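Note: the block below is protein_37.txt and it holds compact mmCIF, N, CA and C atoms.
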```txt
# COMPACT_ATOMS: atom_id res chain seq x y z
N MET A 1 79.32 5.59 36.54
CA MET A 1 79.91 6.91 36.42
C MET A 1 81.26 6.85 35.71
N VAL A 2 81.98 5.79 36.01
CA VAL A 2 83.30 5.64 35.38
C VAL A 2 83.15 5.40 33.89
N GLN A 3 82.13 4.64 33.49
CA GLN A 3 81.95 4.37 32.06
C GLN A 3 81.51 5.63 31.32
N ILE A 4 80.76 6.47 31.96
CA ILE A 4 80.36 7.74 31.33
C ILE A 4 81.59 8.61 31.10
N MET A 5 82.46 8.65 32.09
CA MET A 5 83.69 9.44 31.94
C MET A 5 84.57 8.87 30.83
N LYS A 6 84.63 7.54 30.73
CA LYS A 6 85.41 6.92 29.66
C LYS A 6 84.81 7.26 28.29
N GLY A 7 83.49 7.27 28.21
CA GLY A 7 82.83 7.62 26.96
C GLY A 7 83.10 9.05 26.56
N ILE A 8 83.04 9.96 27.51
CA ILE A 8 83.33 11.37 27.24
C ILE A 8 84.78 11.54 26.81
N ALA A 9 85.68 10.85 27.48
CA ALA A 9 87.10 10.92 27.13
C ALA A 9 87.34 10.38 25.73
N ALA A 10 86.63 9.31 25.35
CA ALA A 10 86.79 8.73 24.01
C ALA A 10 86.30 9.70 22.94
N VAL A 11 85.18 10.37 23.20
CA VAL A 11 84.65 11.34 22.23
C VAL A 11 85.62 12.51 22.07
N ILE A 12 86.15 13.02 23.18
CA ILE A 12 87.11 14.13 23.11
C ILE A 12 88.37 13.69 22.38
N PHE A 13 88.84 12.48 22.65
CA PHE A 13 90.04 11.95 21.98
C PHE A 13 89.83 11.87 20.47
N ILE A 14 88.68 11.34 20.07
CA ILE A 14 88.41 11.22 18.63
C ILE A 14 88.26 12.60 17.99
N ALA A 15 87.58 13.51 18.67
CA ALA A 15 87.34 14.84 18.11
C ALA A 15 88.63 15.63 17.96
N LEU A 16 89.56 15.47 18.90
CA LEU A 16 90.81 16.24 18.84
C LEU A 16 91.85 15.61 17.93
N LEU A 17 91.95 14.30 17.95
CA LEU A 17 93.04 13.65 17.22
C LEU A 17 92.65 13.17 15.82
N ALA A 18 91.37 13.03 15.57
CA ALA A 18 90.96 12.53 14.26
C ALA A 18 89.74 13.29 13.76
N PRO A 19 89.87 14.58 13.45
CA PRO A 19 88.69 15.33 13.01
C PRO A 19 88.13 14.86 11.68
N TYR A 20 88.99 14.33 10.80
CA TYR A 20 88.50 13.83 9.52
C TYR A 20 87.68 12.57 9.70
N ALA A 21 88.05 11.75 10.68
CA ALA A 21 87.27 10.55 10.97
C ALA A 21 85.90 10.92 11.50
N VAL A 22 85.83 11.95 12.32
CA VAL A 22 84.54 12.40 12.84
C VAL A 22 83.67 12.91 11.69
N GLY A 23 84.26 13.65 10.79
CA GLY A 23 83.51 14.14 9.63
C GLY A 23 82.98 12.99 8.79
N ALA A 24 83.81 11.99 8.57
CA ALA A 24 83.38 10.83 7.78
C ALA A 24 82.26 10.08 8.50
N MET A 25 82.37 9.96 9.82
CA MET A 25 81.32 9.27 10.58
C MET A 25 80.01 10.06 10.53
N LEU A 26 80.10 11.38 10.59
CA LEU A 26 78.89 12.20 10.51
C LEU A 26 78.23 12.10 9.13
N ILE A 27 79.04 12.07 8.09
CA ILE A 27 78.51 11.92 6.74
C ILE A 27 77.84 10.56 6.57
N ALA A 28 78.47 9.51 7.11
CA ALA A 28 77.89 8.17 7.03
C ALA A 28 76.58 8.10 7.83
N LEU A 29 76.56 8.71 8.99
CA LEU A 29 75.35 8.73 9.81
C LEU A 29 74.23 9.50 9.10
N LEU A 30 74.56 10.63 8.51
CA LEU A 30 73.57 11.41 7.77
C LEU A 30 73.03 10.60 6.59
N GLY A 31 73.91 9.89 5.90
CA GLY A 31 73.48 9.04 4.78
C GLY A 31 72.52 7.96 5.23
N MET A 32 72.80 7.33 6.35
CA MET A 32 71.91 6.29 6.87
C MET A 32 70.56 6.87 7.26
N ILE A 33 70.55 8.06 7.85
CA ILE A 33 69.29 8.70 8.22
C ILE A 33 68.46 9.02 6.99
N VAL A 34 69.09 9.52 5.94
CA VAL A 34 68.38 9.85 4.70
C VAL A 34 67.78 8.58 4.09
N ILE A 35 68.54 7.50 4.07
CA ILE A 35 68.05 6.24 3.51
C ILE A 35 66.87 5.72 4.32
N LEU A 36 66.96 5.76 5.64
CA LEU A 36 65.86 5.30 6.49
C LEU A 36 64.61 6.14 6.30
N VAL A 37 64.77 7.44 6.18
CA VAL A 37 63.61 8.31 5.97
C VAL A 37 62.97 8.02 4.61
N TYR A 38 63.80 7.85 3.58
CA TYR A 38 63.28 7.56 2.24
C TYR A 38 62.46 6.29 2.24
N PHE A 39 63.02 5.19 2.77
CA PHE A 39 62.29 3.93 2.77
C PHE A 39 61.09 3.97 3.71
N GLY A 40 61.16 4.74 4.77
CA GLY A 40 60.01 4.89 5.65
C GLY A 40 58.86 5.58 4.96
N VAL A 41 59.16 6.66 4.23
CA VAL A 41 58.12 7.39 3.49
C VAL A 41 57.55 6.50 2.38
N GLU A 42 58.41 5.74 1.70
CA GLU A 42 57.94 4.83 0.66
C GLU A 42 57.01 3.77 1.23
N ALA A 43 57.39 3.20 2.36
CA ALA A 43 56.57 2.15 2.97
C ALA A 43 55.22 2.68 3.42
N ILE A 44 55.19 3.92 3.88
CA ILE A 44 53.93 4.50 4.34
C ILE A 44 53.04 4.89 3.16
N SER A 45 53.62 5.47 2.13
CA SER A 45 52.81 6.01 1.03
C SER A 45 52.47 4.99 -0.04
N ILE A 46 53.14 3.86 -0.08
CA ILE A 46 52.89 2.91 -1.17
C ILE A 46 51.51 2.28 -1.07
N SER A 47 50.97 2.18 0.13
CA SER A 47 49.65 1.58 0.27
C SER A 47 48.56 2.48 -0.29
N LYS A 48 48.84 3.74 -0.50
CA LYS A 48 47.85 4.68 -1.03
C LYS A 48 47.86 4.76 -2.55
N ARG A 49 48.89 4.19 -3.17
CA ARG A 49 49.00 4.22 -4.63
C ARG A 49 48.49 2.92 -5.22
N LEU A 50 47.71 3.00 -6.27
CA LEU A 50 47.21 1.82 -6.96
C LEU A 50 47.55 1.92 -8.44
N VAL A 51 47.78 0.78 -9.07
CA VAL A 51 48.12 0.73 -10.49
C VAL A 51 47.02 -0.04 -11.21
N MET A 52 46.49 0.53 -12.28
CA MET A 52 45.45 -0.12 -13.07
C MET A 52 46.08 -0.81 -14.26
N LYS A 53 45.78 -2.09 -14.45
CA LYS A 53 46.31 -2.86 -15.58
C LYS A 53 45.16 -3.58 -16.26
N THR A 54 45.21 -3.66 -17.58
CA THR A 54 44.26 -4.45 -18.37
C THR A 54 45.04 -5.55 -19.05
N PHE A 55 44.58 -6.80 -18.90
CA PHE A 55 45.30 -7.95 -19.43
C PHE A 55 44.34 -9.12 -19.58
N PHE A 56 44.81 -10.15 -20.28
CA PHE A 56 44.01 -11.37 -20.43
C PHE A 56 44.26 -12.26 -19.22
N CYS A 57 43.19 -12.58 -18.53
CA CYS A 57 43.30 -13.45 -17.35
C CYS A 57 43.11 -14.90 -17.80
N PRO A 58 44.16 -15.72 -17.73
CA PRO A 58 44.02 -17.11 -18.17
C PRO A 58 43.17 -17.95 -17.20
N PHE A 59 42.95 -17.47 -16.02
CA PHE A 59 42.18 -18.22 -15.03
C PHE A 59 40.68 -18.01 -15.22
N LYS A 60 40.27 -16.78 -15.58
CA LYS A 60 38.86 -16.48 -15.87
C LYS A 60 38.58 -16.56 -17.37
N ARG A 61 39.62 -16.66 -18.17
CA ARG A 61 39.55 -16.75 -19.63
C ARG A 61 38.83 -15.57 -20.28
N LYS A 62 39.21 -14.36 -19.81
CA LYS A 62 38.68 -13.14 -20.43
C LYS A 62 39.60 -11.97 -20.11
N VAL A 63 39.41 -10.88 -20.84
CA VAL A 63 40.19 -9.67 -20.61
C VAL A 63 39.61 -8.95 -19.39
N VAL A 64 40.47 -8.62 -18.45
CA VAL A 64 40.03 -7.98 -17.21
C VAL A 64 40.84 -6.71 -16.97
N SER A 65 40.27 -5.82 -16.20
CA SER A 65 40.99 -4.65 -15.69
C SER A 65 41.09 -4.81 -14.19
N ALA A 66 42.27 -4.66 -13.68
CA ALA A 66 42.46 -4.88 -12.24
C ALA A 66 43.29 -3.75 -11.66
N LYS A 67 43.04 -3.46 -10.38
CA LYS A 67 43.84 -2.49 -9.64
C LYS A 67 44.76 -3.25 -8.70
N PHE A 68 46.04 -2.91 -8.80
CA PHE A 68 47.07 -3.60 -8.02
C PHE A 68 47.71 -2.65 -7.03
N GLU A 69 48.13 -3.22 -5.91
CA GLU A 69 48.88 -2.48 -4.91
C GLU A 69 50.36 -2.76 -5.13
N PRO A 70 51.17 -1.77 -5.49
CA PRO A 70 52.58 -2.01 -5.79
C PRO A 70 53.38 -2.45 -4.57
N SER A 71 54.47 -3.12 -4.84
CA SER A 71 55.34 -3.61 -3.78
C SER A 71 56.72 -3.01 -3.93
N ILE A 72 57.41 -2.82 -2.83
CA ILE A 72 58.79 -2.35 -2.93
C ILE A 72 59.74 -3.28 -2.18
N PHE A 73 59.21 -4.08 -1.29
CA PHE A 73 60.08 -4.93 -0.48
C PHE A 73 60.00 -6.41 -0.82
N THR A 74 59.30 -6.80 -1.89
CA THR A 74 59.21 -8.21 -2.25
C THR A 74 59.72 -8.42 -3.66
N PHE A 75 59.81 -9.69 -4.05
CA PHE A 75 60.32 -10.01 -5.38
C PHE A 75 59.27 -9.76 -6.46
N ARG A 76 58.01 -9.65 -6.07
CA ARG A 76 56.94 -9.40 -7.03
C ARG A 76 56.84 -7.92 -7.36
N GLN A 77 56.22 -7.64 -8.50
CA GLN A 77 55.96 -6.25 -8.88
C GLN A 77 54.82 -5.66 -8.03
N TYR A 78 53.83 -6.53 -7.71
CA TYR A 78 52.66 -6.08 -6.95
C TYR A 78 52.42 -7.03 -5.78
N ASP A 79 51.84 -6.48 -4.72
CA ASP A 79 51.56 -7.29 -3.53
C ASP A 79 50.14 -7.83 -3.49
N ASP A 80 49.20 -7.07 -4.02
CA ASP A 80 47.80 -7.46 -3.85
C ASP A 80 46.95 -6.95 -5.00
N VAL A 81 45.83 -7.64 -5.24
CA VAL A 81 44.82 -7.19 -6.20
C VAL A 81 43.69 -6.59 -5.37
N THR A 82 43.43 -5.30 -5.53
CA THR A 82 42.39 -4.67 -4.73
C THR A 82 41.03 -4.70 -5.43
N ARG A 83 41.02 -4.62 -6.77
CA ARG A 83 39.77 -4.70 -7.54
C ARG A 83 40.04 -5.41 -8.85
N CYS A 84 39.01 -6.08 -9.33
CA CYS A 84 39.12 -6.77 -10.61
C CYS A 84 37.76 -6.75 -11.29
N SER A 85 37.76 -6.50 -12.61
CA SER A 85 36.50 -6.44 -13.34
C SER A 85 35.86 -7.81 -13.52
N ALA A 86 36.57 -8.89 -13.25
CA ALA A 86 36.00 -10.23 -13.35
C ALA A 86 35.01 -10.49 -12.22
N PHE A 87 35.09 -9.71 -11.17
CA PHE A 87 34.19 -9.86 -10.02
C PHE A 87 33.29 -8.63 -9.95
N ASN A 88 32.01 -8.86 -9.83
CA ASN A 88 31.08 -7.74 -9.74
C ASN A 88 31.16 -7.04 -8.39
N SER A 89 31.48 -7.82 -7.36
CA SER A 89 31.60 -7.20 -6.04
C SER A 89 32.96 -6.54 -5.90
N ALA A 90 33.12 -5.74 -4.88
CA ALA A 90 34.38 -5.03 -4.66
C ALA A 90 35.48 -5.97 -4.17
N LYS A 91 35.09 -7.10 -3.56
CA LYS A 91 36.08 -8.01 -3.00
C LYS A 91 36.53 -9.03 -4.05
N VAL A 92 37.83 -9.20 -4.19
CA VAL A 92 38.40 -10.17 -5.11
C VAL A 92 38.49 -11.50 -4.36
N THR A 93 37.78 -12.52 -4.87
CA THR A 93 37.68 -13.78 -4.13
C THR A 93 38.49 -14.92 -4.74
N CYS A 94 39.28 -14.65 -5.76
CA CYS A 94 40.09 -15.72 -6.35
C CYS A 94 41.41 -15.86 -5.58
N LYS A 95 42.28 -16.75 -6.06
CA LYS A 95 43.56 -16.99 -5.39
C LYS A 95 44.63 -15.98 -5.79
N LYS A 96 44.30 -15.06 -6.66
CA LYS A 96 45.19 -13.96 -7.10
C LYS A 96 46.49 -14.47 -7.72
N LYS A 97 46.36 -15.49 -8.55
CA LYS A 97 47.53 -16.03 -9.24
C LYS A 97 48.04 -15.08 -10.32
N CYS A 98 47.24 -14.09 -10.68
CA CYS A 98 47.66 -13.12 -11.69
C CYS A 98 48.86 -12.30 -11.22
N LEU A 99 49.12 -12.26 -9.92
CA LEU A 99 50.27 -11.51 -9.41
C LEU A 99 51.58 -12.08 -9.94
N ASP A 100 51.57 -13.35 -10.34
CA ASP A 100 52.79 -13.99 -10.84
C ASP A 100 52.87 -14.04 -12.36
N LEU A 101 51.89 -13.46 -13.05
CA LEU A 101 51.90 -13.48 -14.52
C LEU A 101 53.04 -12.61 -15.06
N PRO A 102 53.73 -13.08 -16.10
CA PRO A 102 54.85 -12.28 -16.63
C PRO A 102 54.42 -10.99 -17.30
N GLU A 103 53.17 -10.92 -17.83
CA GLU A 103 52.76 -9.68 -18.48
C GLU A 103 52.59 -8.53 -17.51
N LEU A 104 52.43 -8.81 -16.24
CA LEU A 104 52.29 -7.74 -15.25
C LEU A 104 53.64 -7.16 -14.80
N ARG A 105 54.70 -7.80 -15.16
CA ARG A 105 56.03 -7.33 -14.74
C ARG A 105 56.53 -6.19 -15.62
N ALA A 106 55.91 -6.01 -16.78
CA ALA A 106 56.37 -4.96 -17.70
C ALA A 106 55.81 -3.62 -17.34
```
Structure encoded using structure tokens:
Amino acid sequence: MVQIMKGIAAVIFIALLAPYAVGAMLIALLGMIVILVYFGVEAISISKRLVMKTFFCPFKRKVVSAKFEPSIFTFRQYDDVTRCSAFNSAKVTCKKKCLDLPELRA
């Protein structure tokens, strides 16, 4: 109970004696909330977006078209290969070394 009273007293003290500090803290808090919401929405929606690229695959030694899942939190441009024309089936069974190819970074 005593700590609650101390907390209330601290809030009243800051609000009365330093209103500009409270405003700055509210602006900073609002900024952090906006940033968290932005990255949260990006993280949720990025899995639904796919990028189609056509390039020469040095591992299969032919021109392929592949669908990539973009990344926002890693050093790579893309996180995963979801489809590739080199494979007739829907599942890509190679080691996906094309994710590190420099032509995919452009």
### Query
Rounded to one decimal in Å, what is the spacing between atom CA of A:Ala15 and atom CA of A:Leu36?
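Going from atom CA of A:Ala15 over to atom CA of A:Leu36, I get 26.2 Å.
Minimum atom-to-atom distance to A:Arg76, evaluated using only N, CA and C atoms, belongs to A:Leu99 out of A:Val63, A:Ala18, A:Leu99, A:Ile8.
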#### Entry: For A:Lys53: contacts at 6.5 Å, all atoms listed in the file, fewer than 4 positions along chain excluded, given as a PyMOL selection string
chain A and resi 64-68
Could you save those same residues with N, CA and C atoms as a PDB file, keeping the file's coordinate frame?
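Saved file again26.pdb follows:
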```pdb
ATOM      1  N   VAL A  64      40.470  -8.620 -18.450  1.00  0.00           N
ATOM      2  CA  VAL A  64      40.030  -7.980 -17.210  1.00  0.00           C
ATOM      3  C   VAL A  64      40.840  -6.710 -16.970  1.00  0.00           C
ATOM      4  N   SER A  65      40.270  -5.820 -16.200  1.00  0.00           N
ATOM      5  CA  SER A  65      40.990  -4.650 -15.690  1.00  0.00           C
ATOM      6  C   SER A  65      41.090  -4.810 -14.190  1.00  0.00           C
ATOM      7  N   ALA A  66      42.270  -4.660 -13.680  1.00  0.00           N
ATOM      8  CA  ALA A  66      42.460  -4.880 -12.240  1.00  0.00           C
ATOM      9  C   ALA A  66      43.290  -3.750 -11.660  1.00  0.00           C
ATOM     10  N   LYS A  67      43.040  -3.460 -10.380  1.00  0.00           N
ATOM     11  CA  LYS A  67      43.840  -2.490  -9.640  1.00  0.00           C
ATOM     12  C   LYS A  67      44.760  -3.250  -8.700  1.00  0.00           C
ATOM     13  N   PHE A  68      46.040  -2.910  -8.800  1.00  0.00           N
ATOM     14  CA  PHE A  68      47.070  -3.600  -8.020  1.00  0.00           C
ATOM     15  C   PHE A  68      47.710  -2.650  -7.030  1.00  0.00           C
TER      16      PHE A  68
END
```
### Residue nearest A:Cys57 - candidates A:Pro102, A:Tyr38, A:Ile44, A:Thr74, atoms counted: only C-alpha atoms
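Closest to A:Cys57, using only C-alpha atoms: A:Pro102.
Straight-line separation from atom CA of A:Lys96 to atom CA of A:Val81: 6.8 Å.
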### Message
I need the residue nearest A:Lys48 from this list: A:Ile27, A:Arg61, A:Cys98, A:Glu69. Use all atoms listed in the file for the distance.
### Response
A:Glu69
### Task
To one decimal in Å, tell me the separation between atom N of A:Lys91 and atom CA of A:Phe75.
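We find that atom N of A:Lys91 and atom CA of A:Phe75 lie 25.5 Å from each other.
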Would you list, as an mmCIF file with N, CA and C atoms, keeping the file's coordinate frame, the residues of stretch 22-74 of chain A that end up in helix (DSSP H, G or I) under DSSP run on this structure's backbone?
```cif
data_model
loop_
_atom_site.group_PDB
_atom_site.id
_atom_site.type_symbol
_atom_site.label_atom_id
_atom_site.label_comp_id
_atom_site.auth_asym_id
_atom_site.auth_seq_id
_atom_site.Cartn_x
_atom_site.Cartn_y
_atom_site.Cartn_z
ATOM 1 N N VAL A 22 85.830 11.950 12.320
ATOM 2 C CA VAL A 22 84.540 12.400 12.840
ATOM 3 C C VAL A 22 83.670 12.910 11.690
ATOM 4 N N GLY A 23 84.260 13.650 10.790
ATOM 5 C CA GLY A 23 83.510 14.140 9.630
ATOM 6 C C GLY A 23 82.980 12.990 8.790
ATOM 7 N N ALA A 24 83.810 11.990 8.570
ATOM 8 C CA ALA A 24 83.380 10.830 7.780
ATOM 9 C C ALA A 24 82.260 10.080 8.500
ATOM 10 N N MET A 25 82.370 9.960 9.820
ATOM 11 C CA MET A 25 81.320 9.270 10.580
ATOM 12 C C MET A 25 80.010 10.060 10.530
ATOM 13 N N LEU A 26 80.100 11.380 10.590
ATOM 14 C CA LEU A 26 78.890 12.200 10.510
ATOM 15 C C LEU A 26 78.230 12.100 9.130
ATOM 16 N N ILE A 27 79.040 12.070 8.090
ATOM 17 C CA ILE A 27 78.510 11.920 6.740
ATOM 18 C C ILE A 27 77.840 10.560 6.570
ATOM 19 N N ALA A 28 78.470 9.510 7.110
ATOM 20 C CA ALA A 28 77.890 8.170 7.030
ATOM 21 C C ALA A 28 76.580 8.100 7.830
ATOM 22 N N LEU A 29 76.560 8.710 8.990
ATOM 23 C CA LEU A 29 75.350 8.730 9.810
ATOM 24 C C LEU A 29 74.230 9.500 9.100
ATOM 25 N N LEU A 30 74.560 10.630 8.510
ATOM 26 C CA LEU A 30 73.570 11.410 7.770
ATOM 27 C C LEU A 30 73.030 10.600 6.590
ATOM 28 N N GLY A 31 73.910 9.890 5.900
ATOM 29 C CA GLY A 31 73.480 9.040 4.780
ATOM 30 C C GLY A 31 72.520 7.960 5.230
ATOM 31 N N MET A 32 72.800 7.330 6.350
ATOM 32 C CA MET A 32 71.910 6.290 6.870
ATOM 33 C C MET A 32 70.560 6.870 7.260
ATOM 34 N N ILE A 33 70.550 8.060 7.850
ATOM 35 C CA ILE A 33 69.290 8.700 8.220
ATOM 36 C C ILE A 33 68.460 9.020 6.990
ATOM 37 N N VAL A 34 69.090 9.520 5.940
ATOM 38 C CA VAL A 34 68.380 9.850 4.700
ATOM 39 C C VAL A 34 67.780 8.580 4.090
ATOM 40 N N ILE A 35 68.540 7.500 4.070
ATOM 41 C CA ILE A 35 68.050 6.240 3.510
ATOM 42 C C ILE A 35 66.870 5.720 4.320
ATOM 43 N N LEU A 36 66.960 5.760 5.640
ATOM 44 C CA LEU A 36 65.860 5.300 6.490
ATOM 45 C C LEU A 36 64.610 6.140 6.300
ATOM 46 N N VAL A 37 64.770 7.440 6.180
ATOM 47 C CA VAL A 37 63.610 8.310 5.970
ATOM 48 C C VAL A 37 62.970 8.020 4.610
ATOM 49 N N TYR A 38 63.800 7.850 3.580
ATOM 50 C CA TYR A 38 63.280 7.560 2.240
ATOM 51 C C TYR A 38 62.460 6.290 2.240
ATOM 52 N N PHE A 39 63.020 5.190 2.770
ATOM 53 C CA PHE A 39 62.290 3.930 2.770
ATOM 54 C C PHE A 39 61.090 3.970 3.710
ATOM 55 N N GLY A 40 61.160 4.740 4.770
ATOM 56 C CA GLY A 40 60.010 4.890 5.650
ATOM 57 C C GLY A 40 58.860 5.580 4.960
ATOM 58 N N VAL A 41 59.160 6.660 4.230
ATOM 59 C CA VAL A 41 58.120 7.390 3.490
ATOM 60 C C VAL A 41 57.550 6.500 2.380
ATOM 61 N N GLU A 42 58.410 5.740 1.700
ATOM 62 C CA GLU A 42 57.940 4.830 0.660
ATOM 63 C C GLU A 42 57.010 3.770 1.230
ATOM 64 N N ALA A 43 57.390 3.200 2.360
ATOM 65 C CA ALA A 43 56.570 2.150 2.970
ATOM 66 C C ALA A 43 55.220 2.680 3.420
ATOM 67 N N ILE A 44 55.190 3.920 3.880
ATOM 68 C CA ILE A 44 53.930 4.500 4.340
ATOM 69 C C ILE A 44 53.040 4.890 3.160
ATOM 70 N N SER A 45 53.620 5.470 2.130
ATOM 71 C CA SER A 45 52.810 6.010 1.030
ATOM 72 C C SER A 45 52.470 4.990 -0.040
ATOM 73 N N ILE A 46 53.140 3.860 -0.080
ATOM 74 C CA ILE A 46 52.890 2.910 -1.170
ATOM 75 C C ILE A 46 51.510 2.280 -1.070
ATOM 76 N N SER A 47 50.970 2.180 0.130
ATOM 77 C CA SER A 47 49.650 1.580 0.270
ATOM 78 C C SER A 47 48.560 2.480 -0.290
ATOM 79 N N LYS A 48 48.840 3.740 -0.500
ATOM 80 C CA LYS A 48 47.850 4.680 -1.030
ATOM 81 C C LYS A 48 47.860 4.760 -2.550
#
```
Using the file's own x, y and z axes, what box holds all listed atoms of stretch 53-63 of chain A with 4 Å on each side, keeping edges along x, y and z, and what are its centre and edge lengths in Å to one decimal, as AutoDock Vina command-line options?
```
--center_x 42.4 --center_y -10.2 --center_z -17.6 --size_x 15.7 --size_y 24.1 --size_z 14.4
```
DSSP on the backbone, strand (DSSP E) only: what residues of chain A does that give? Format it as an mmCIF file with N, CA and C atoms, keeping the file's coordinate frame.
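Result file is out-v8.cif:
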```cif
data_model
loop_
_atom_site.group_PDB
_atom_site.id
_atom_site.type_symbol
_atom_site.label_atom_id
_atom_site.label_comp_id
_atom_site.auth_asym_id
_atom_site.auth_seq_id
_atom_site.Cartn_x
_atom_site.Cartn_y
_atom_site.Cartn_z
ATOM 1 N N VAL A 51 47.780 0.780 -9.070
ATOM 2 C CA VAL A 51 48.120 0.730 -10.490
ATOM 3 C C VAL A 51 47.020 -0.040 -11.210
ATOM 4 N N MET A 52 46.490 0.530 -12.280
ATOM 5 C CA MET A 52 45.450 -0.120 -13.070
ATOM 6 C C MET A 52 46.080 -0.810 -14.260
ATOM 7 N N LYS A 53 45.780 -2.090 -14.450
ATOM 8 C CA LYS A 53 46.310 -2.860 -15.580
ATOM 9 C C LYS A 53 45.160 -3.580 -16.260
ATOM 10 N N THR A 54 45.210 -3.660 -17.580
ATOM 11 C CA THR A 54 44.260 -4.450 -18.370
ATOM 12 C C THR A 54 45.040 -5.550 -19.050
ATOM 13 N N PHE A 55 44.580 -6.800 -18.900
ATOM 14 C CA PHE A 55 45.300 -7.950 -19.430
ATOM 15 C C PHE A 55 44.340 -9.120 -19.580
ATOM 16 N N PHE A 56 44.810 -10.150 -20.280
ATOM 17 C CA PHE A 56 44.010 -11.370 -20.430
ATOM 18 C C PHE A 56 44.260 -12.260 -19.220
ATOM 19 N N CYS A 57 43.190 -12.580 -18.530
ATOM 20 C CA CYS A 57 43.300 -13.450 -17.350
ATOM 21 C C CYS A 57 43.110 -14.900 -17.800
ATOM 22 N N LYS A 62 39.210 -14.360 -19.810
ATOM 23 C CA LYS A 62 38.680 -13.140 -20.430
ATOM 24 C C LYS A 62 39.600 -11.970 -20.110
ATOM 25 N N VAL A 63 39.410 -10.880 -20.840
ATOM 26 C CA VAL A 63 40.190 -9.670 -20.610
ATOM 27 C C VAL A 63 39.610 -8.950 -19.390
ATOM 28 N N VAL A 64 40.470 -8.620 -18.450
ATOM 29 C CA VAL A 64 40.030 -7.980 -17.210
ATOM 30 C C VAL A 64 40.840 -6.710 -16.970
ATOM 31 N N SER A 65 40.270 -5.820 -16.200
ATOM 32 C CA SER A 65 40.990 -4.650 -15.690
ATOM 33 C C SER A 65 41.090 -4.810 -14.190
ATOM 34 N N ALA A 66 42.270 -4.660 -13.680
ATOM 35 C CA ALA A 66 42.460 -4.880 -12.240
ATOM 36 C C ALA A 66 43.290 -3.750 -11.660
ATOM 37 N N LYS A 67 43.040 -3.460 -10.380
ATOM 38 C CA LYS A 67 43.840 -2.490 -9.640
ATOM 39 C C LYS A 67 44.760 -3.250 -8.700
ATOM 40 N N PHE A 68 46.040 -2.910 -8.800
ATOM 41 C CA PHE A 68 47.070 -3.600 -8.020
ATOM 42 C C PHE A 68 47.710 -2.650 -7.030
ATOM 43 N N GLU A 69 48.130 -3.220 -5.910
ATOM 44 C CA GLU A 69 48.880 -2.480 -4.910
ATOM 45 C C GLU A 69 50.360 -2.760 -5.130
ATOM 46 N N PRO A 70 51.170 -1.770 -5.490
ATOM 47 C CA PRO A 70 52.580 -2.010 -5.790
ATOM 48 C C PRO A 70 53.380 -2.450 -4.570
ATOM 49 N N TYR A 78 53.830 -6.530 -7.710
ATOM 50 C CA TYR A 78 52.660 -6.080 -6.950
ATOM 51 C C TYR A 78 52.420 -7.030 -5.780
ATOM 52 N N ASP A 79 51.840 -6.480 -4.720
ATOM 53 C CA ASP A 79 51.560 -7.290 -3.530
ATOM 54 C C ASP A 79 50.140 -7.830 -3.490
ATOM 55 N N ASP A 80 49.200 -7.070 -4.020
ATOM 56 C CA ASP A 80 47.800 -7.460 -3.850
ATOM 57 C C ASP A 80 46.950 -6.950 -5.000
ATOM 58 N N VAL A 81 45.830 -7.640 -5.240
ATOM 59 C CA VAL A 81 44.820 -7.190 -6.200
ATOM 60 C C VAL A 81 43.690 -6.590 -5.370
ATOM 61 N N THR A 82 43.430 -5.300 -5.530
ATOM 62 C CA THR A 82 42.390 -4.670 -4.730
ATOM 63 C C THR A 82 41.030 -4.700 -5.430
ATOM 64 N N ARG A 83 41.020 -4.620 -6.770
ATOM 65 C CA ARG A 83 39.770 -4.700 -7.540
ATOM 66 C C ARG A 83 40.040 -5.410 -8.850
ATOM 67 N N CYS A 84 39.010 -6.080 -9.330
ATOM 68 C CA CYS A 84 39.120 -6.770 -10.610
ATOM 69 C C CYS A 84 37.760 -6.750 -11.290
#
```
### Local residues around (53.6, 0.3, -4.0), at most 8 Å away, using all atoms listed in the file, as a PyMOL selection string
chain A and resi 42-43+45-51+68-73+77-79
